[in-house]
Amino acid sequence: MAHSNNPLDLNGTSFDPDQYLRKVLTEEALPDLIEHEIEMQQQIKSLDSDMQTLVYENYNKFITATDTIRQMKQDFGEMEQEMEKLASNMAAINQFSAKVNSSLAPNRTRIRNLSETHSILKRLQFLYELPARLKKCLDDENYRPAVLAYCKVRSVLESYRHLTAFQQIDKDCLQIMDTLKKALYQKFRRKSTTTRELAECIELFTMLQEPAEILCQEFLAHAEIRLLDDLQMLDEQLALWIDASTREQAADIRTFVDMGSNGFLSNVCLVVASYNDMFVCRVETNVHEEEQNEVAKRKLTGFVSNLMERYFSSAKQRILLETVMSSTCEIYVRALDRFSRRLQAIDRLITETDYSRVGFRMVQEAAALRCKLYLQHLNSQFQRTLTEAREMIAVKPTAIDVNQKLLLACVQKIHAKLMERVKGAQADLKAFVQPDVMFASNQTFHEHFCKVDVRENMVVAHFNDMLTICEELCQHGVDKTAGSTLLLLVLSRHCLDMNQSSMNYVMTLTREQFATNERNVHGVPPVLLQRAKDTAQKLVNHFVYQEGLSISQMIRKSVETRDWLNTTEPRNVRAVMKRVVEELTATDAQVGQLFEEGTRKEAGSSSSRRTRPSVAKSVSRSAKWTNYSPVDTSLLSNIQKLFSERIEIFGNVDFSKVSILTGVIKIGLKTLLECVRLRTFGKFGLQQLQVDAYYLQQYLWRFVSDENLVTILLEEIVSSAAQRCLEPVLMEQSVVEAICDRG
Amino acid sequence: MDEDIPVIYGIDFQARCLVAQAAETDAIRFLIGTQSLKHENQVQLIDFDEDTNVIFRTVYLHSSGEIWNLSSCPFDAQLLATCYNEVSEDKSKLSSRASLWRLPESSSTERPPSDEPQNPVTIPKLEKLLDFREADNTDVVGVIFEPVSSRNQILTLKLNGLTLWDIDSALPSLNVKANIPVEGKGHIRVVGAKWSPHHSNSVIGVCTETSVRGIDLRDNKISFTIDNPHGYMTRQLDFNQNKPYDVATCGDDCTVKLWDTRNTSSSLRVLADHSHWVWCVKYNPFHDQLILSSSSDSRVILASIASLSSEPIVHSLEDEPGSQDPKEILPDGVINTYEEHEDSVYALDWSAADPWTFASLSYDGRLVINRVPRSVKYKILL
């Protein structure tokens, strides 16, 4: 309830009746007052009655409480009596219990004695029954209970052996146990015994306190027989494989490795594990045993390493015999993986050994070998491609326009084959670095395999071998290229492509496929790039050489077989010159398929096409022949030589059409010059040559980079011929032109 | 004065023939035969003075025709033989003839200064001793003297064989002793021959266009054959004077090849240093480590083939005790390329008198005399 300090509030604490009265009297009218008063009186009455009721109720409760207390007082008195009675009873019980206890005591000791005697008797009985029981066990070949039983009594027997009663038993037992041991040894040595049974035997022997050393030996000897069997099986498989005639019967590499792993290696593991259980891992209690342990361990290690050596040698032979043909890379890698995984298991068992390292080395070797095999494979494929290319080119349609793109197609084909085989090999070899292959996760292996085996020994080596094969084609005098000088051209383009892009591409591919951590070794080795370029150069040079020779042959024959003294007045260009031009045109088209046009020297192009004033001049000079010293007659050409560079005939050419053609033409013209110098000409002979030279001049300029070169050489030819002429009279230039235009 | 500077001399005519005067062992002398269809041809005797590096020239007229081949008698300095073209009267026919000549004695004592042009009238003529002319008048393309005058024999080359002559130079008289055909598959043309100085002068090396063969004069049988050593055309061969079975060939594949005649299936060495046909190859007659070649690329190349030389590479024990240094071995390979010529060099020869001097002749008539570089010389000598 709200405690208002309002003095006018009837229920408030600070109610002021006077104030309230005053307020009521002043504020309300009479009837209201009367009503107010009645209301007040009613309230007062109701309050009074409420108060009365409360007082009555409380009084009643008080009365009841008083009654209850009085009742309780009475009850407690009774309880006290009962308790007293209980205490007296308990005392009586105590008394009786002590009495019973004292009367039972003597019987108890007797019973204890009796039960002891009983157990001793039982044991004695066991002892007496022992020989029979042992015998029975022995007959049943149930050795374990026998041994257990014997072990139980052994100490007793040993301590009471001096008693006659026991002597006999002891003797019998020993005898039986001897037989038992023998039986056990027999079982031990039996070939068919499983390793598990062996382990049991050993356990029994140990219980019988047989010397561990002998046991070791026996155990290992037994194990050896079985393991050698396994090895023998492997060797048989190996022999089957080596002999080509029986190879089909031999297991493939994966089966072979499985055979080794599941047969030999698991058995070794089993042997080692049980050996460890039996001889090594026993609790080492004293120095002596520790020593024994060491001996046992050494024995085991020696034993295992002997066998492993044989296993490795078989496995190695088999693994390294595997070729690209006999198994795919994947199977091979699976086999190797399994092989090395198994070895790790052995290592875990025998801590002193490191067979997985040996295995790892073998895997490395196998990987390297595989790469080498692939290299051979790649090389032979390249040879095949070459043969195909040769055939492709040899089918040479007569019309030039038919084989328009033949050479280009050939280059593309060679390129495609290169990519195909390199990619194929890499895809196969990728198996070696699959993440699920265990040895691939070894950093050393991975690095070495990617960097040395694949990159250096396969990819780079393949490039090198390809280049070597190409270079061999360039050897002078070797007629390997007979009829396929075009192959030289094709290969030159190919080498150039390799230098410019293919090598880089392949190396990038290799890097992507076989990523290593080292960063600085990935590009194409500059030596290789250079070599590719050099080879391309050699090939194109050789092409020029061969092409030049065939032109030279035509020219040489034509000059040597003709009687230049008695020739008639020239009416035509000689057919051979036309053939030379035809041949050059064909070559031009072929080279054009593969190489760019190249640059020409622009100087004096228009003049030389029309006429050759310079030649005419020099010839007219040489025609005079009046002065004493004939050297002057070739003065002009000498001066020309002074100012022009020495013409290299069989020099390097550039990788461009004009340069290649220039090379061929140079060779041909130089031959013409040398041949002319060996002949003596009559008047018409000289004139015929003049016609021929003009004809050549007209047609050759379009092929070469520097027209001056052709001009100089042709001038030299004509002036040489003039010097070798008995009657050096040149033809009128107009007549020469007329003849050439006609023909 | 630097000995290595080449001496260049113009002989005024085009020429293809140059040989050392073989019997002259005191002075460095070479013989040159000129080629001219318009003028009297000449044989020029070149005398090179080592000390002053001056060339003296004595000119002799060779009026018979242009000289295609020239050989100098190895036992009489005054004797020489030439092959020359004879043009018929109507200028319609050429025939190749050979003659034996003697140099006239008189002019050799007083030489005119070399650069003064000689008056054609005063030029002495060669004294013709003999014509090598067979009954059927076949063309003769070469004359070869026996290296030592033991049997008075001389050999001439025909296009299809050899003719062996008995010669009596005192009378003088000449008799055909034997005709030795050179046969083979297809068209055979003899281009040159050399008389082997070994095997008591019984073997002739004959070079045809496509093969090189040795012919034993005792029974006219072939003692060795090298088939197609240079692809299309073989130009020249030379015997090593100091190693009985070694022979060098050169030809149109731009290479010089060295062979052992006992096994000609493959060459001992290929020297591919020229850039055009190789026309001439010559072993140094004294030090067969050195070999010269000339080519129509206008170059002369002096190369070392020390590893194939007759001199042992390992120095013998005869070393004077003072010199402790092992002999510096001359490496194989090109020693020097001589670029003084500007036209094809068809002929070269070592001097018969000085083992370190050689001459080369290009078609434009330029004669160049060079010496082996001193460093090489010392390497060989010391």
# chains A, B, ... in the order shown; residues from 1 in each chain; ligands from 1
>>> interface_residues(of="chain B", to="chain A", cutoff="6 Å", atoms="only C-alpha atoms", output="PyMOL selection string")
chain B and resi 12+92+231+275
>>> residues_around(residues="range 292-300 of chain B", least_positions_apart="6", cutoff="6 Å", atoms="only C-alpha atoms", output="compact mmCIF listing (two decimals) with all heavy atoms, in the first residue's frame")
# COMPACT_ATOMS: atom_id res chain seq x y z
N SER B 275 87.80 -24.17 -99.89
CA SER B 275 86.41 -23.96 -100.23
C SER B 275 86.18 -24.12 -101.73
O SER B 275 85.13 -23.73 -102.23
CB SER B 275 85.94 -22.60 -99.74
OG SER B 275 86.65 -21.60 -100.40
N HIS B 276 87.13 -24.68 -102.45
CA HIS B 276 86.85 -25.10 -103.82
C HIS B 276 87.80 -26.25 -104.15
O HIS B 276 88.51 -26.73 -103.27
CB HIS B 276 86.96 -23.95 -104.82
CG HIS B 276 86.18 -24.19 -106.08
ND1 HIS B 276 86.78 -24.35 -107.30
CD2 HIS B 276 84.86 -24.33 -106.27
CE1 HIS B 276 85.84 -24.57 -108.21
NE2 HIS B 276 84.66 -24.57 -107.61
N TRP B 277 87.76 -26.67 -105.39
CA TRP B 277 88.55 -27.83 -105.76
C TRP B 277 90.03 -27.66 -105.38
O TRP B 277 90.59 -26.60 -105.53
CB TRP B 277 88.48 -28.08 -107.27
CG TRP B 277 87.08 -28.08 -107.81
CD1 TRP B 277 85.94 -28.21 -107.08
CD2 TRP B 277 86.69 -27.94 -109.17
NE1 TRP B 277 84.85 -28.19 -107.90
CE2 TRP B 277 85.28 -28.01 -109.21
CE3 TRP B 277 87.38 -27.77 -110.37
CZ2 TRP B 277 84.57 -27.91 -110.39
CZ3 TRP B 277 86.66 -27.68 -111.54
CH2 TRP B 277 85.27 -27.75 -111.55
N VAL B 278 90.61 -28.75 -104.96
CA VAL B 278 92.03 -28.73 -104.64
C VAL B 278 92.78 -29.30 -105.84
O VAL B 278 92.48 -30.40 -106.30
CB VAL B 278 92.33 -29.55 -103.38
CG1 VAL B 278 93.79 -29.41 -103.00
CG2 VAL B 278 91.44 -29.11 -102.23
N TRP B 279 93.70 -28.50 -106.36
CA TRP B 279 94.37 -28.88 -107.60
C TRP B 279 95.73 -29.52 -107.38
O TRP B 279 96.23 -30.23 -108.23
CB TRP B 279 94.55 -27.65 -108.50
CG TRP B 279 93.27 -27.19 -109.11
CD1 TRP B 279 92.27 -26.52 -108.46
CD2 TRP B 279 92.84 -27.39 -110.44
NE1 TRP B 279 91.24 -26.29 -109.33
CE2 TRP B 279 91.56 -26.81 -110.57
CE3 TRP B 279 93.40 -28.00 -111.56
CZ2 TRP B 279 90.83 -26.82 -111.76
CZ3 TRP B 279 92.68 -28.00 -112.75
CH2 TRP B 279 91.40 -27.42 -112.85
N CYS B 280 96.34 -29.19 -106.27
CA CYS B 280 97.70 -29.65 -106.11
C CYS B 280 97.97 -29.94 -104.64
O CYS B 280 97.53 -29.20 -103.77
CB CYS B 280 98.67 -28.57 -106.62
SG CYS B 280 100.35 -29.15 -106.75
N VAL B 281 98.69 -31.03 -104.38
CA VAL B 281 99.05 -31.34 -103.01
C VAL B 281 100.49 -31.81 -103.00
O VAL B 281 100.95 -32.51 -103.91
CB VAL B 281 98.09 -32.40 -102.41
CG1 VAL B 281 98.13 -33.70 -103.18
CG2 VAL B 281 98.40 -32.64 -100.94
N LYS B 282 101.24 -31.36 -101.99
CA LYS B 282 102.66 -31.71 -101.94
C LYS B 282 103.12 -31.92 -100.51
O LYS B 282 102.96 -31.04 -99.66
CB LYS B 282 103.51 -30.58 -102.56
CG LYS B 282 103.54 -30.58 -104.08
CD LYS B 282 104.73 -31.36 -104.59
CE LYS B 282 104.61 -31.78 -106.04
NZ LYS B 282 104.20 -30.75 -106.99
N THR B 337 97.12 -20.16 -93.77
CA THR B 337 96.43 -20.05 -95.05
C THR B 337 96.99 -18.82 -95.76
O THR B 337 97.00 -17.74 -95.20
CB THR B 337 94.92 -19.87 -94.83
OG1 THR B 337 94.46 -20.95 -94.05
CG2 THR B 337 94.18 -19.86 -96.14
N TYR B 338 97.49 -19.03 -96.94
CA TYR B 338 98.12 -17.93 -97.67
C TYR B 338 97.13 -17.37 -98.67
O TYR B 338 96.62 -18.07 -99.54
CB TYR B 338 99.38 -18.43 -98.36
CG TYR B 338 100.39 -18.96 -97.37
CD1 TYR B 338 100.45 -20.31 -97.06
CD2 TYR B 338 101.27 -18.09 -96.70
CE1 TYR B 338 101.35 -20.80 -96.14
CE2 TYR B 338 102.18 -18.57 -95.77
CZ TYR B 338 102.22 -19.92 -95.49
OH TYR B 338 103.12 -20.38 -94.58
N GLU B 339 96.84 -16.09 -98.51
CA GLU B 339 95.77 -15.49 -99.32
C GLU B 339 96.32 -14.49 -100.32
O GLU B 339 95.61 -13.57 -100.75
CB GLU B 339 94.77 -14.78 -98.40
CG GLU B 339 94.36 -15.60 -97.21
CD GLU B 339 92.86 -15.84 -97.16
OE1 GLU B 339 92.18 -15.51 -98.14
OE2 GLU B 339 92.40 -16.36 -96.14
N HIS B 341 97.11 -14.86 -103.39
CA HIS B 341 96.64 -15.04 -104.76
C HIS B 341 95.23 -14.50 -104.92
O HIS B 341 94.45 -14.46 -103.98
CB HIS B 341 96.66 -16.52 -105.14
CG HIS B 341 98.05 -17.06 -105.24
ND1 HIS B 341 98.91 -16.72 -106.25
CD2 HIS B 341 98.73 -17.92 -104.45
CE1 HIS B 341 100.07 -17.35 -106.07
NE2 HIS B 341 99.98 -18.08 -104.97
N GLU B 342 94.94 -14.11 -106.17
CA GLU B 342 93.59 -13.65 -106.43
C GLU B 342 92.92 -14.46 -107.53
O GLU B 342 91.82 -14.14 -107.95
CB GLU B 342 93.62 -12.16 -106.82
CG GLU B 342 93.64 -11.31 -105.57
CD GLU B 342 94.05 -9.88 -105.86
OE1 GLU B 342 94.14 -9.54 -107.04
OE2 GLU B 342 94.27 -9.14 -104.89
N ASP B 343 93.62 -15.48 -108.00
CA ASP B 343 92.99 -16.36 -108.98
C ASP B 343 93.31 -17.80 -108.54
O ASP B 343 94.05 -18.02 -107.59
CB ASP B 343 93.54 -16.05 -110.38
CG ASP B 343 92.55 -16.48 -111.46
OD1 ASP B 343 91.71 -17.36 -111.15
OD2 ASP B 343 92.62 -15.94 -112.56
N SER B 344 92.74 -18.72 -109.26
CA SER B 344 92.95 -20.12 -108.92
C SER B 344 94.42 -20.46 -108.91
O SER B 344 95.17 -20.07 -109.80
CB SER B 344 92.23 -21.01 -109.92
OG SER B 344 90.88 -20.66 -109.97
N VAL B 345 94.82 -21.21 -107.89
CA VAL B 345 96.22 -21.61 -107.79
C VAL B 345 96.30 -23.07 -108.26
O VAL B 345 95.81 -23.97 -107.61
CB VAL B 345 96.72 -21.49 -106.34
CG1 VAL B 345 98.22 -21.76 -106.29
CG2 VAL B 345 96.39 -20.14 -105.77
>>> closest_residue(among="A:Phe360, A:Tyr355, A:Phe514, A:Phe655", to="Phe449 in chain A", atoms="only C-alpha atoms")
A:Phe514
>>> residues_around(residues="Asp4 in chain B", least_positions_apart="4", cutoff="12 Å", atoms="only C-alpha atoms", output="PyMOL selection string")
chain B and resi 50+53+336+338+356-358+369-377
>>> write_last_selection(atoms="N, CA, C and O atoms", output="compact mmCIF listing (two decimals), in the first residue's frame")
# COMPACT_ATOMS: atom_id res chain seq x y z
N GLU B 50 117.48 -16.00 -100.85
CA GLU B 50 116.93 -16.05 -99.51
C GLU B 50 117.30 -14.83 -98.67
O GLU B 50 116.52 -14.33 -97.89
N ASN B 53 115.76 -11.62 -100.29
CA ASN B 53 114.36 -11.76 -100.68
C ASN B 53 114.11 -11.20 -102.08
O ASN B 53 113.06 -10.65 -102.36
N ASN B 336 98.90 -22.43 -91.69
CA ASN B 336 98.72 -21.09 -92.25
C ASN B 336 97.92 -21.18 -93.54
O ASN B 336 98.04 -22.14 -94.30
N TYR B 338 97.49 -19.03 -96.94
CA TYR B 338 98.12 -17.93 -97.67
C TYR B 338 97.13 -17.37 -98.67
O TYR B 338 96.62 -18.07 -99.54
N TRP B 356 112.24 -25.23 -96.25
CA TRP B 356 111.24 -24.35 -95.63
C TRP B 356 110.63 -23.36 -96.62
O TRP B 356 109.83 -22.54 -96.24
N THR B 357 111.06 -23.44 -97.87
CA THR B 357 110.59 -22.46 -98.84
C THR B 357 109.71 -23.15 -99.88
O THR B 357 110.01 -24.26 -100.30
N PHE B 358 108.64 -22.48 -100.25
CA PHE B 358 107.80 -23.04 -101.30
C PHE B 358 107.24 -21.93 -102.17
O PHE B 358 107.15 -20.79 -101.76
N ILE B 369 106.27 -16.61 -103.23
CA ILE B 369 107.20 -17.48 -102.52
C ILE B 369 107.02 -17.24 -101.03
O ILE B 369 107.03 -16.10 -100.55
N ASN B 370 106.81 -18.31 -100.32
CA ASN B 370 106.54 -18.23 -98.89
C ASN B 370 107.50 -19.13 -98.15
O ASN B 370 108.10 -20.03 -98.72
N ARG B 371 107.58 -18.87 -96.86
CA ARG B 371 108.38 -19.76 -96.02
C ARG B 371 107.53 -20.26 -94.87
O ARG B 371 106.60 -19.58 -94.41
N VAL B 372 107.87 -21.45 -94.43
CA VAL B 372 107.19 -22.01 -93.26
C VAL B 372 107.44 -21.08 -92.08
O VAL B 372 108.56 -20.61 -91.89
N PRO B 373 106.41 -20.77 -91.30
CA PRO B 373 106.61 -19.88 -90.16
C PRO B 373 107.72 -20.39 -89.25
O PRO B 373 107.89 -21.60 -89.05
N ARG B 374 108.45 -19.43 -88.74
CA ARG B 374 109.64 -19.80 -87.98
C ARG B 374 109.29 -20.65 -86.75
O ARG B 374 109.98 -21.59 -86.41
N SER B 375 108.17 -20.31 -86.12
CA SER B 375 107.80 -21.06 -84.91
C SER B 375 107.61 -22.54 -85.23
O SER B 375 108.03 -23.42 -84.48
N VAL B 376 106.98 -22.79 -86.39
CA VAL B 376 106.74 -24.18 -86.79
C VAL B 376 108.06 -24.87 -87.08
O VAL B 376 108.31 -26.01 -86.70
N LYS B 377 108.90 -24.12 -87.77
CA LYS B 377 110.20 -24.66 -88.13
C LYS B 377 110.98 -25.08 -86.89
O LYS B 377 111.52 -26.19 -86.83
>>> closest_residue(among="B:Pro124, B:Pro285, B:Gly142, B:Gly161", to="Ala22 in chain B", atoms="only C-alpha atoms")
B:Pro285
>>> residues_around(residues="Gly65 in chain B", least_positions_apart="5", cutoff="6 Å", atoms="only C-alpha atoms", output="PyMOL selection string")
chain B and resi 84-86
>>> write_last_selection(atoms="N, CA and C atoms", output="JSON list (two decimals), in the first residue's frame")
[["chain", "number", "residue", "atom", "x", "y", "z"],
["B", 84, "TYR", "N", 102.95, -29.72, -124.26],
["B", 84, "TYR", "CA", 102.42, -28.47, -124.81],
["B", 84, "TYR", "C", 101.40, -28.78, -125.89],
["B", 85, "ASN", "N", 100.57, -27.81, -126.15],
["B", 85, "ASN", "CA", 99.55, -27.95, -127.18],
["B", 85, "ASN", "C", 100.08, -27.44, -128.51],
["B", 86, "GLU", "N", 99.93, -28.27, -129.48],
["B", 86, "GLU", "CA", 100.34, -27.85, -130.81],
["B", 86, "GLU", "C", 99.06, -27.60, -131.59]]
>>> atom_distance(atom1="CA of Ala183 in chain A", atom2="CA of Arg123 in chain A")
27.4 Å
>>> select_by_dssp(residues="range 116-252 of chain B", states="strand (DSSP E or B)", output="ChimeraX atom specification")
/B:125,127-131,142-145,153-158,161-168,173-181,190-195,203-208,211-216,221-227,234-239,246-251
>>> select_by_dssp(residues="range 110-359 of chain A", states="alpha helix (DSSP H)", output="PyMOL selection string")
chain A and resi 110-140+143-160+164-189+195-207+212-242+253-258+266-275+287-321+329-349+355-359
>>> atom_distance(atom1="CA of Ser313 in chain A", atom2="CA of Tyr374 in chain A")
23.8 Å
>>> residues_around(residues="Cys83 in chain B", least_positions_apart="5", cutoff="9 Å", atoms="only C-alpha atoms", output="ChimeraX atom specification")
/B:65-71,96-99,140-143
>>> atom_distance(atom1="CA of Leu349 in chain A", atom2="CA of Glu236 in chain A")
28.1 Å
>>> residues_around(residues="Phe145 in chain B", least_positions_apart="4", cutoff="10 Å", atoms="only C-alpha atoms", output="mmCIF file with N, CA and C atoms, in the first residue's frame")
data_model
loop_
_atom_site.group_PDB
_atom_site.id
_atom_site.type_symbol
_atom_site.label_atom_id
_atom_site.label_comp_id
_atom_site.auth_asym_id
_atom_site.auth_seq_id
_atom_site.Cartn_x
_atom_site.Cartn_y
_atom_site.Cartn_z
ATOM 1 N N SER B 71 108.067 -30.728 -116.210
ATOM 2 C CA SER B 71 108.749 -31.495 -115.173
ATOM 3 C C SER B 71 110.242 -31.265 -115.268
ATOM 4 N N SER B 72 110.864 -31.310 -114.121
ATOM 5 C CA SER B 72 112.283 -31.007 -114.051
ATOM 6 C C SER B 72 113.023 -32.301 -113.736
ATOM 7 N N CYS B 73 114.120 -32.485 -114.428
ATOM 8 C CA CYS B 73 114.860 -33.730 -114.252
ATOM 9 C C CYS B 73 115.539 -33.742 -112.885
ATOM 10 N N PRO B 74 115.348 -34.809 -112.123
ATOM 11 C CA PRO B 74 115.876 -34.811 -110.760
ATOM 12 C C PRO B 74 117.373 -35.053 -110.670
ATOM 13 N N PHE B 75 118.017 -35.350 -111.778
ATOM 14 C CA PHE B 75 119.456 -35.580 -111.643
ATOM 15 C C PHE B 75 120.292 -34.719 -112.570
ATOM 16 N N LEU B 80 114.787 -30.503 -118.670
ATOM 17 C CA LEU B 80 113.397 -30.409 -118.288
ATOM 18 C C LEU B 80 112.531 -30.949 -119.411
ATOM 19 N N ALA B 81 111.324 -31.292 -119.068
ATOM 20 C CA ALA B 81 110.414 -31.803 -120.088
ATOM 21 C C ALA B 81 109.122 -31.022 -120.009
ATOM 22 N N SER B 149 118.461 -41.445 -111.278
ATOM 23 C CA SER B 149 118.786 -41.968 -112.606
ATOM 24 C C SER B 149 119.548 -43.268 -112.451
ATOM 25 N N ASN B 152 117.968 -45.067 -116.500
ATOM 26 C CA ASN B 152 117.730 -44.267 -117.692
ATOM 27 C C ASN B 152 116.334 -44.466 -118.267
ATOM 28 N N GLN B 153 115.382 -44.381 -117.400
ATOM 29 C CA GLN B 153 114.014 -44.562 -117.857
ATOM 30 C C GLN B 153 113.268 -43.253 -117.719
ATOM 31 N N ILE B 154 112.267 -43.113 -118.541
ATOM 32 C CA ILE B 154 111.407 -41.948 -118.440
ATOM 33 C C ILE B 154 110.012 -42.397 -118.843
ATOM 34 N N LEU B 155 109.053 -41.729 -118.284
ATOM 35 C CA LEU B 155 107.686 -42.202 -118.454
ATOM 36 C C LEU B 155 106.845 -41.068 -119.020
ATOM 37 N N THR B 156 106.009 -41.393 -119.983
ATOM 38 C CA THR B 156 105.074 -40.370 -120.448
ATOM 39 C C THR B 156 103.653 -40.862 -120.229
ATOM 40 N N LYS B 194 102.657 -39.973 -110.463
ATOM 41 C CA LYS B 194 103.880 -39.693 -109.711
ATOM 42 C C LYS B 194 104.662 -40.981 -109.591
ATOM 43 N N TRP B 195 105.951 -40.827 -109.664
ATOM 44 C CA TRP B 195 106.818 -41.988 -109.526
ATOM 45 C C TRP B 195 107.141 -42.146 -108.054
#
>>> closest_residue(among="B:Lys257, B:Arg213, B:His199, B:Arg16", to="Asp364 in chain B", atoms="only C-alpha atoms")
B:Arg16
>>> closest_residue(among="A:His542, A:Arg455, A:Arg556, A:Lys136", to="Met507 in chain A", atoms="only C-alpha atoms")
A:Arg455
